[in-house]
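J.: Could you have a look at this structure, given as structure tokens, before my questions?
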Amino acid sequence: MAAGPRVDYLAGFCCPVGGLAAGRPRVLCHDGRIYLSNGSAFVYVYDQEGRLLQAVYRFPDQVWHVELLPLHRQLYILCAKTGIYCLSLDQQSRVTEAPTGDGDGDSKEADGPANVLPVDADACIFPDADLCAFTLLSNFIITLAQAQGKWWMELHELPAPSQEPPACRHISKVGFSTGAPAGGDGDAPASRFLPVLCCALAPGSGDGLWCSGGFILAEPLFSLLFGVDAAMLDSPMILGGFPDGQLCSVPLKALSAAADADTNATAGPDPPVKVLHHLEEPVVFIGALRTERREADEADDPPLPPGDADCVVAVGHYGKLVAIKAGRREEAPAPELREYYLRGPVLCAACSSGSRMYYSTHSDISAVDLECGSNASDSEDGDDTAAGVLPPVLAPASLSICSVVALSLSSRAAEGESELLALSAKGRLMTCDLCSPEEVHPVRLTPDKAGQRIKELLSGIGNVSERVSFLKKAVDHKNRALTCLNQVLDVSAALLSGQDGAKPITCTITAAWSRLLLRDTLSVSCMLENSSDHSLEQGWTLCVQLLAGTCALDEATADTGTTYTFPVEQLPPGGQREVTLPLGTAEDAKLELPLTVSCALFYSLREILDSGPDSLDDLFPDDSPLLSPDREGICLPLSECTIDMLQCLRVGEAAGPASAPDPVEAFLETAGVQAESNGTSGSNGLGDECLVPSAASIKVSSELLKSALKDFSAGAALSCATLRWLLAENTAAEALSSQDVAEVRGLAPDGGEVQLLIREVAMNDLCPAGPIQAVEILIQSSSLADLCGVHHAVIGRIQQALVLEQAAQGSGPPDLRMQYLRQIQANHETLLKEAQALRDRLCLGDEASATAEKLLSIYQQLRNPSLVLL
Amino acid sequence: MRVLGVQAWVASSSGPGRAAKQAALQHRRAFEKLLQKMQGLPAVLPTLPLELTVLYNALLFDLGSSDCIVEGEAEGIRQGLLRVLEAGGVSGPDLSTEELWQKVLQELPAEELRAPLHRLGVLQGVLWLAANRLGSIAGLLRFLSGAKDPVLSPCPGGENELLALLRAWQVPADEDTSPLVVQSAWDVREVLWTAAAFLQGLQELEAGNLPAALSLLQVAATGFCSKRVLAQIYICLGCCTQQMGKPQTALQHLKQALQLDFQCLAALSQAAMVYHQLGETDAELEALALLHEALDSPPPEAGSAAPGSLVRTELLVHPPALASLLRQPSPSEVKYLLAQRCFQAGRTAEAGEHYLDLLAVLQEGPRHQVPLHGQSALPRIPEVFLEAASALEQLGRHRDAIAVCEEVVNRMGDLTPETLRIDLSSWDGAEAGSPSPRPRSGLPRDILPQKKESLRCILWRAAAYLHQGWAWAGLADSKEAITQFTRCLNDLLRVQLVSADGLHVGEVAAGALPEAAVLQRIRLLALVGRGAQFLELGRDRDALMNFQYALQVSPGDLAAASHLLQTLWKLDRRQEAAVLWQKLQADSGQTEGQQEDQGRSFPLYLTLCPQPANLLLDGSLARGLQDYLRSSGQEP
């Protein structure tokens, strides 16, 4: 068995279903206590020695960052959209006993309300909703906020512990923008990655200042990186890593910009802010290492003081590691910068006090060693060139601990061993002893040690099992995705192959009136029928698109479509599902007919990929163009249908006050209609109030109709059959099919009355061979709009049915008296010209009412041609 | 209704600042809620005046409780106008705000709407002013004052049209019967008028249109505003008059500003600048000392400017030009100015104390900010150290000077390259911080600033060695002094200035690269200093060589020449001495002036160096030379 690190599980903490996300969780260790936040609204204090949970604090929102200030025994917590809270560590003795998930790895910590201390608003020392990050330096707090498209770094002095009320004293502030504007106006892009802040101290200034997560940077790197002035001021430097990949430094003693820095719109940050590097991926960690061994230094340079770092490292989310070290060039000393590529995505990282850095990905924690020139002394190049140069490649060493979202090096320095504290995505807190392989020496097993060894093995097994479960989950997820894809392909193939004949999956569209919420409502119902061999699984959606105004009269509104989607939960072969869409009520009269309804099945590919345990983070970065969540998928059109006036006619209901549910309402309704027509005069007020019922007629030759309506004319008179045919798709007119009626009255959707009258006539003048038998369809309505609608619908039907029929039969029309036809045509042409002239005049706006009147009568004449469809 | 709320506000607004702010926030929320409720109902004419008044009050609290004007308020007014149109049965959702106003005022001339609409108009003016849309305001005012006569009586004498329109505007009086308002429209109009004058004045000032700026600012000063804003106006007046060449008037204005608001420290720093230009060092130093004292003491609690008024001038006028005018210097800057001016004025003792204070401040924690940006009065930090060393050296505090220089030497240690080769032909584009250096000789662009910084580091370290040499000389330790001067010269040898044809260049470089001139100056001073120390040790030949080199570096230098003369005389090379003396006397007139000029362009730490006594005036040497010349028959 390989000499793996010793992993010890301490406790489990609650975690969301998908596991903890990286970035927000944090573990800190100080003085035998572990301070932990898992990205939720809770902060836990855990006693490492006693292995018990000491306190749980609840904050009003997600906790984004936690820092410890041992000097004042205070914990600082950044709470999303609220601000920074300060907790005194001495308060925690209030919670004495608390159950923990000690040793039992699977138990999720229940947040018993009795043990949770809600943090009150008084503890908020720094309220600011825009804050993204902060860091502490002794009794100073440095905050970073995003507002107005810029980053604002502010320096405040912390209140003394005894100060009442606790309020920070503002010292200075600088605003700057990193290259790309932070998402224009919104701060949406900041949601996933937060900026990272840390503090670099000048050499020799470490004794007076204390900073968490910061480091002391040795000379000459400090001067080279931050400039002579900052070095001579011994100014602490704030290093900031931003979601857009910039690595910036700001001197803390010169944290102010020129007053009118806003005006010069030059790209790049303002003077005190210096861009050190651009990682081109979100920065997740900044740290420092000591890459040169002390012994090696003794020859030419004075040894570095212990603890001073000589190399700054920054890690990007997708695995780019940048190490910056003082270069040893003869001319113009400059920082040397080297980029490495690790296997990403990096969730978190931590630096040891030596030259090792640990970083965690979904599958493992790895250690990389940046020690400089470790073997260089034996190479023949000589010390001058090889020593002090960063290694050309990195060799990550695995620790075999997977999906850790927060790392920190515990400071149990007394025992001389370093220990890694880790919080896994499943919410488990563990420690991991770090001993380099050569230090592992075989020992004879004493009973004591054997017990220890067994314990180690057991936790090793636990670790392996967690890893296995993670991998298993990933495999399961992929299998599930493949199954889904297979089903989707089956369904698509079935639909596409059955193109010529009937489709195996159909959608029938009907329109009907129903009474809904005391109102008569016209609704479209789509019946999805699965007659294929495959079942429609979860993930399919039925999309119903309503496209208003397909008629040529009104081209302006032709593209106002609305799409409704209904998830198809599961539809086994032979199953049916009906969805109903209310189009409009009888009262609101806003319905625009005809209406095209088209149905399609849609399957979102995102659906498959999204349900994974660790989502798509790794596969697709946030802004990946590969998948946009709303569009990418498979779309299979099913059917299309036009709903016109004839289908929406409420047959058999007479108009009039008696039919209105409430006279007051009716009155109000008419008043409303009037007010509206006044308000929008000029748009469609033309003829709405026409009291004389207008009429339109269409004549069709009986021969033609007879042959076309074979199915409908079973035994009935032609006129009745015609009416039945016209109203065949009208659900309200089913009663007609059993009766012989040639006349019907109905209500249009907007309440206007419409009368359809069918009669057989003989046309004498047309044909020299004798009178032609024809069927006249007479439409009468008091509302011109309804009349037009019905007329349009009837013409549509006749075109659809007869023209096709006739073309198929190929029988020529009987002889016609051409001169008569020409005369009619000439009449119509003059009428049309007149209409055109009147419309022009109407546009000019002279004598609007009179012109409109005339125009109306001409249109009516045009609608009554003495022609017959043969 | 909120009548109670308004009264409560008026009562509470006299309280302390923080409580008033809290109260304002509460009222703002209450008014917003009320407004939401009212806007939930259909708009009808009879309730509109009340609704618009509530909107007015809500917007006032909105403005009063925020520190800057945001989009929300403009949207509020727009919403109000749309409601008015809705009540009148007119639609206009896609009109711009200007067009909306026009439509509202033209189509709905209802008398009862006049007062609330005018009130809303005042607020609209406030928002437009904050957005610097002065034209829109003027347009709105023309509509409000009746569109019948769009051309107001032409304003004679260039009286500003916008101000005249504002003045002529009949804002409805607030009778007690109407719904209460928290700040009367008349008040807000006055604020608007003042802010308009102030803003336009500033714009003219920025454009360099000084007389117009002056008259506008003077008008603004008569307006309705808080003392703080009035002080700011006076500062701008001072700045304006100073630019017009009337420093005394400027000082008067600045004094007025200070009388109004003693916290207005920008006035003090401006006054110091004016005194500096007038050459009144005493007054300047006094102003700077006062400024430093004021900056050092903790600022008092910022009280609320004018109780009861929510819309303030401060809210409306904040162009960047004002921010740079009102920039409050940091204590370290003021300390440096004090030290520098004292040093320049020859008050070395005070200068030394100030420099030491400054160095202490620089070492302190981040509480004391040290501005490093372009507008800062502070030079680069190493230069501050060198100036301090120079002042201490002048004071005779040689050990302190050595210690300060040692710090510079140590800091530069890691930053100075072994050799620095600079091709001067590639500098012509890069000098003086020009943004686009032309890398003609294959030098990568980003190397140039780095090389320049390296050059500066070398120069700073060399200057530090130079000062140490002087200090050791002052301590009468010639050997140590010579060591330091030699280090200085060795450092300078690291720099290789190369021109296009590969030759060393001296004087030629000075024009292209100011640092090159500084380098030559340091070399000269070090050579002269080392020569003088060799003389002390009695190594006259070494001294002679140093002086000769020095004269090669800077042929016209008087100190080097007179030292050389003295050494030649001492070495009994009388013939050469006599020739040199004659030459010196011939062009002594010109060189005096030249040296003065040269001295000015050098950094402060190099201008005040220990000058050797002018040997030409030394009686014994001159007499000896004259005797010699007479005896050898060369006397003209």
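To be explicit about the labels: the chains of the structure tokens are called A, B, and onward in the order shown, and within each one the residues are counted from 1, while ligands get numbers from 1 in the order they are shown.
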List the neighbours of stretch 260-265 of chain B out to 10 Å using only C-alpha atoms; skip same-chain residues closer than 6 positions along the sequence, and give me the result as a list of chain:residue names.

T.: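 Skipping anything fewer than 6 positions along the chain leaves B:Ser226, B:Lys227, B:Arg228, B:Val229, B:Leu230, B:Ala231, B:Gln232, B:Tyr234, B:Ile235, B:Leu254, B:Ala271, B:Leu290, B:Leu291, B:His292, B:Ala294, B:Leu295, B:Pro299, B:Pro300, B:Ala302, B:Leu326, B:Arg327, B:Gln328, B:Pro329.
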
J.: Determine, counting only C-alpha atoms, which protein, DNA and RNA residues have an atom within 8 Å of an atom of stretch 517-533 of chain B; residues of the same chain fewer than 4 positions away are not included. Present the result as an mmCIF file with C-alpha atoms, in the first residue's frame.

T.:
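Wrote result_38.cif, looks like this:
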data_model
loop_
_atom_site.group_PDB
_atom_site.id
_atom_site.type_symbol
_atom_site.label_atom_id
_atom_site.label_comp_id
_atom_site.auth_asym_id
_atom_site.auth_seq_id
_atom_site.Cartn_x
_atom_site.Cartn_y
_atom_site.Cartn_z
ATOM 1 C CA LEU B 459 21.182 58.003 -9.769
ATOM 2 C CA ALA B 462 24.909 57.669 -6.431
ATOM 3 C CA ALA B 463 23.381 60.816 -4.966
ATOM 4 C CA LEU B 466 27.588 61.777 -2.781
ATOM 5 C CA GLY B 469 30.834 61.774 1.032
ATOM 6 C CA TRP B 470 30.025 65.360 1.888
ATOM 7 C CA ALA B 473 34.030 65.407 4.728
ATOM 8 C CA SER B 478 38.657 62.445 4.381
ATOM 9 C CA LYS B 479 39.396 58.787 3.788
ATOM 10 C CA ALA B 481 34.644 60.624 2.269
ATOM 11 C CA ILE B 482 36.893 59.620 -0.608
ATOM 12 C CA PHE B 485 32.780 59.637 -3.581
ATOM 13 C CA THR B 486 34.508 56.756 -5.327
ATOM 14 C CA CYS B 488 29.332 57.273 -6.259
ATOM 15 C CA LEU B 489 31.543 57.563 -9.345
ATOM 16 C CA LEU B 492 27.696 56.251 -12.355
ATOM 17 C CA GLY B 506 27.653 63.581 -22.706
ATOM 18 C CA GLU B 507 26.050 66.894 -23.303
ATOM 19 C CA ALA B 509 22.183 63.259 -24.043
ATOM 20 C CA ALA B 510 21.021 65.917 -21.671
ATOM 21 C CA GLY B 511 18.421 67.212 -24.045
ATOM 22 C CA LEU B 513 17.023 62.454 -21.280
ATOM 23 C CA LEU B 537 45.135 64.716 2.480
ATOM 24 C CA ASP B 542 45.255 63.004 -7.419
ATOM 25 C CA ALA B 543 43.302 66.118 -6.643
ATOM 26 C CA LEU B 544 44.487 67.777 -9.800
ATOM 27 C CA MET B 545 43.368 64.810 -11.858
ATOM 28 C CA ASN B 546 39.917 64.870 -10.293
ATOM 29 C CA PHE B 547 39.502 68.559 -10.961
ATOM 30 C CA TYR B 549 38.072 65.347 -15.038
ATOM 31 C CA ALA B 550 35.454 67.533 -13.469
ATOM 32 C CA LEU B 551 36.190 70.298 -15.926
ATOM 33 C CA VAL B 553 32.539 66.763 -17.536
ATOM 34 C CA SER B 554 31.372 70.331 -17.201
ATOM 35 C CA ALA B 559 33.892 75.493 -8.567
ATOM 36 C CA ALA B 560 35.891 72.919 -10.494
ATOM 37 C CA HIS B 563 39.781 74.323 -7.406
ATOM 38 C CA PHE B 602 18.363 70.075 -11.034
ATOM 39 C CA PRO B 603 16.582 68.222 -8.266
ATOM 40 C CA LEU B 606 21.592 68.575 -5.795
#

J.: Which one is closest to A:Thr642: A:Asn764, A:Gln545, A:Ser531, A:Ser352? Count only C-alpha atoms.

T.: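 Using only C-alpha atoms, the shortest distance to A:Thr642 belongs to A:Gln545.
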
J.: When you look at B:Ser332 with a cut-off of 12 Å (counting only C-alpha atoms), what residues show up, excluding the ones that are within fewer than 5 positions of it in the same chain? I need them as a PyMOL selection string.

T.: (chain A and resi 253-254) or (chain B and resi 288+291-293+295-296+337-339+354-364+367-372+376-379+381+384)

J.: For the residues in the current selection, export C-alpha atoms as a tab-separated table (two decimals), in the first residue's frame.

T.:
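Result written to part13.tsv:
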chain	number	residue	atom	x	y	z
A	253	LYS	CA	-0.31	53.53	2.41
A	254	ALA	CA	-1.19	55.23	-0.83
B	288	LEU	CA	0.86	75.64	5.24
B	291	LEU	CA	-3.24	73.66	7.07
B	292	HIS	CA	-1.12	70.94	8.57
B	293	GLU	CA	-2.44	71.62	12.01
B	295	LEU	CA	-5.42	68.27	8.93
B	296	ASP	CA	-3.82	66.70	11.94
B	337	LEU	CA	5.60	71.38	1.10
B	338	LEU	CA	6.50	72.97	4.41
B	339	ALA	CA	9.87	71.27	4.45
B	354	HIS	CA	9.97	69.19	8.93
B	355	TYR	CA	11.87	66.62	6.90
B	356	LEU	CA	12.45	64.48	9.96
B	357	ASP	CA	8.76	64.72	10.85
B	358	LEU	CA	7.88	63.76	7.32
B	359	LEU	CA	10.16	60.73	7.35
B	360	ALA	CA	8.52	59.64	10.58
B	361	VAL	CA	5.07	60.01	9.04
B	362	LEU	CA	6.14	57.99	6.01
B	363	GLN	CA	7.17	55.12	8.23
B	364	GLU	CA	3.90	55.08	10.12
B	367	ARG	CA	-3.55	55.42	8.94
B	368	HIS	CA	-1.39	58.15	7.39
B	369	GLN	CA	-1.94	57.99	3.72
B	370	VAL	CA	0.83	59.02	1.36
B	371	PRO	CA	-0.55	60.00	-2.01
B	372	LEU	CA	1.61	58.64	-4.80
B	376	SER	CA	0.40	64.64	-5.43
B	377	ALA	CA	2.82	67.31	-4.28
B	378	LEU	CA	5.19	64.61	-3.16
B	379	PRO	CA	8.08	63.65	-5.42
B	381	ILE	CA	10.04	58.76	-2.06
B	384	VAL	CA	12.30	62.92	-0.24

J.: If you measure from atom CA of B:Leu268 to atom CA of B:Gln218, what distance in Å do you get, rounded to one decimal?

T.: 20.3 Å

J.: Need the shell around A:Ala309: protein/DNA/RNA residues with any atom at most 10 Å away, counting only C-alpha atoms. Skip same-chain ones fewer than 5 positions apart. Format as a VMD selection string?

T.: chain A and resid 200 203 215 to 219 221 to 222 287 to 292 304 325 353 to 355

J.: What gap, in Å, lies between atom CA of B:Lys33 and atom CA of B:Leu95?

T.: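 Value for the atom CA of B:Lys33-atom CA of B:Leu95 distance: 26.8 Å.
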
J.: Can you tell me which residues surround A:Val754 at a distance of at most 6 Å, considering only C-alpha atoms, apart from same-chain residues fewer than 5 positions away, and format the answer as number ranges by chain?

T.: A: 745-747, 780-781

J.: I need the residues from that last selection saved to file as a CSV table (one decimal), in the first residue's frame (with N, CA and C atoms), if you can.

T.:
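What landed in part.csv:
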chain,number,residue,atom,x,y,z
A,745,ARG,N,-77.9,31.5,-36.7
A,745,ARG,CA,-77.5,32.8,-36.1
A,745,ARG,C,-76.5,32.4,-35.0
A,746,GLY,N,-75.6,33.3,-34.8
A,746,GLY,CA,-74.6,33.0,-33.8
A,746,GLY,C,-73.9,34.3,-33.3
A,747,LEU,N,-73.1,34.1,-32.3
A,747,LEU,CA,-72.4,35.3,-31.8
A,747,LEU,C,-70.9,35.2,-32.1
A,780,GLN,N,-74.7,38.0,-42.8
A,780,GLN,CA,-75.2,39.3,-42.4
A,780,GLN,C,-74.8,39.5,-41.0
A,781,SER,N,-74.4,40.7,-40.7
A,781,SER,CA,-74.0,41.1,-39.4
A,781,SER,C,-74.1,42.6,-39.2

J.: Within 10 Å of chain A, which residues belong to chain B? Use only C-alpha atoms and report them as a PyMOL selection string.

T.: chain B and resi 89-91+319-328+359+361-376+379-383+385+407-408+411-421+447-448+450-455+457

J.: Please list as a list in words every residue within 8 Å of stretch 393-395 of chain A, counting only C-alpha atoms and excluding residues in the same chain fewer than 5 positions away.

T.: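 The residues satisfying every condition are Tyr340, Val368, Asp369 and Leu370 of chain A.
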
J.: Please, could you write that set of residues out with N, CA and C atoms as an mmCIF file, in the first residue's frame?

T.:
data_model
loop_
_atom_site.group_PDB
_atom_site.id
_atom_site.type_symbol
_atom_site.label_atom_id
_atom_site.label_comp_id
_atom_site.auth_asym_id
_atom_site.auth_seq_id
_atom_site.Cartn_x
_atom_site.Cartn_y
_atom_site.Cartn_z
ATOM 1 N N TYR A 340 2.321 28.107 -15.392
ATOM 2 C CA TYR A 340 2.200 26.652 -15.465
ATOM 3 C C TYR A 340 0.737 26.323 -15.699
ATOM 4 N N VAL A 368 2.128 20.584 -5.490
ATOM 5 C CA VAL A 368 3.198 20.890 -6.435
ATOM 6 C C VAL A 368 4.317 21.580 -5.664
ATOM 7 N N ASP A 369 5.519 21.304 -6.081
ATOM 8 C CA ASP A 369 6.686 21.866 -5.399
ATOM 9 C C ASP A 369 7.381 22.831 -6.341
ATOM 10 N N LEU A 370 7.524 24.068 -5.908
ATOM 11 C CA LEU A 370 8.166 25.061 -6.768
ATOM 12 C C LEU A 370 9.583 25.357 -6.310
#

J.: What does the distance from atom CA of A:Ser177 to atom CA of A:Gln146 come to in Å, to one decimal?

T.: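 Computed distance, atom CA of A:Ser177 to atom CA of A:Gln146, equals 9.5 Å.
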
J.: Using only C-alpha atoms, determine which residues lie at most 12 Å from A:Cys648, disregarding the query and same-chain residues fewer than 4 positions distant; provide the list as a ChimeraX atom specification.

T.: /A:510-514,520-524,583-586,591-595,642-644,726-733,746-752,754,786,789-790,793

J.: Calculated over only C-alpha atoms, which of the candidates A:Ile509, A:Ile795, A:Ile454, A:Ala425 has the smallest distance to A:Glu466?

T.: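 Closest residue, counting only C-alpha atoms: A:Ala425.
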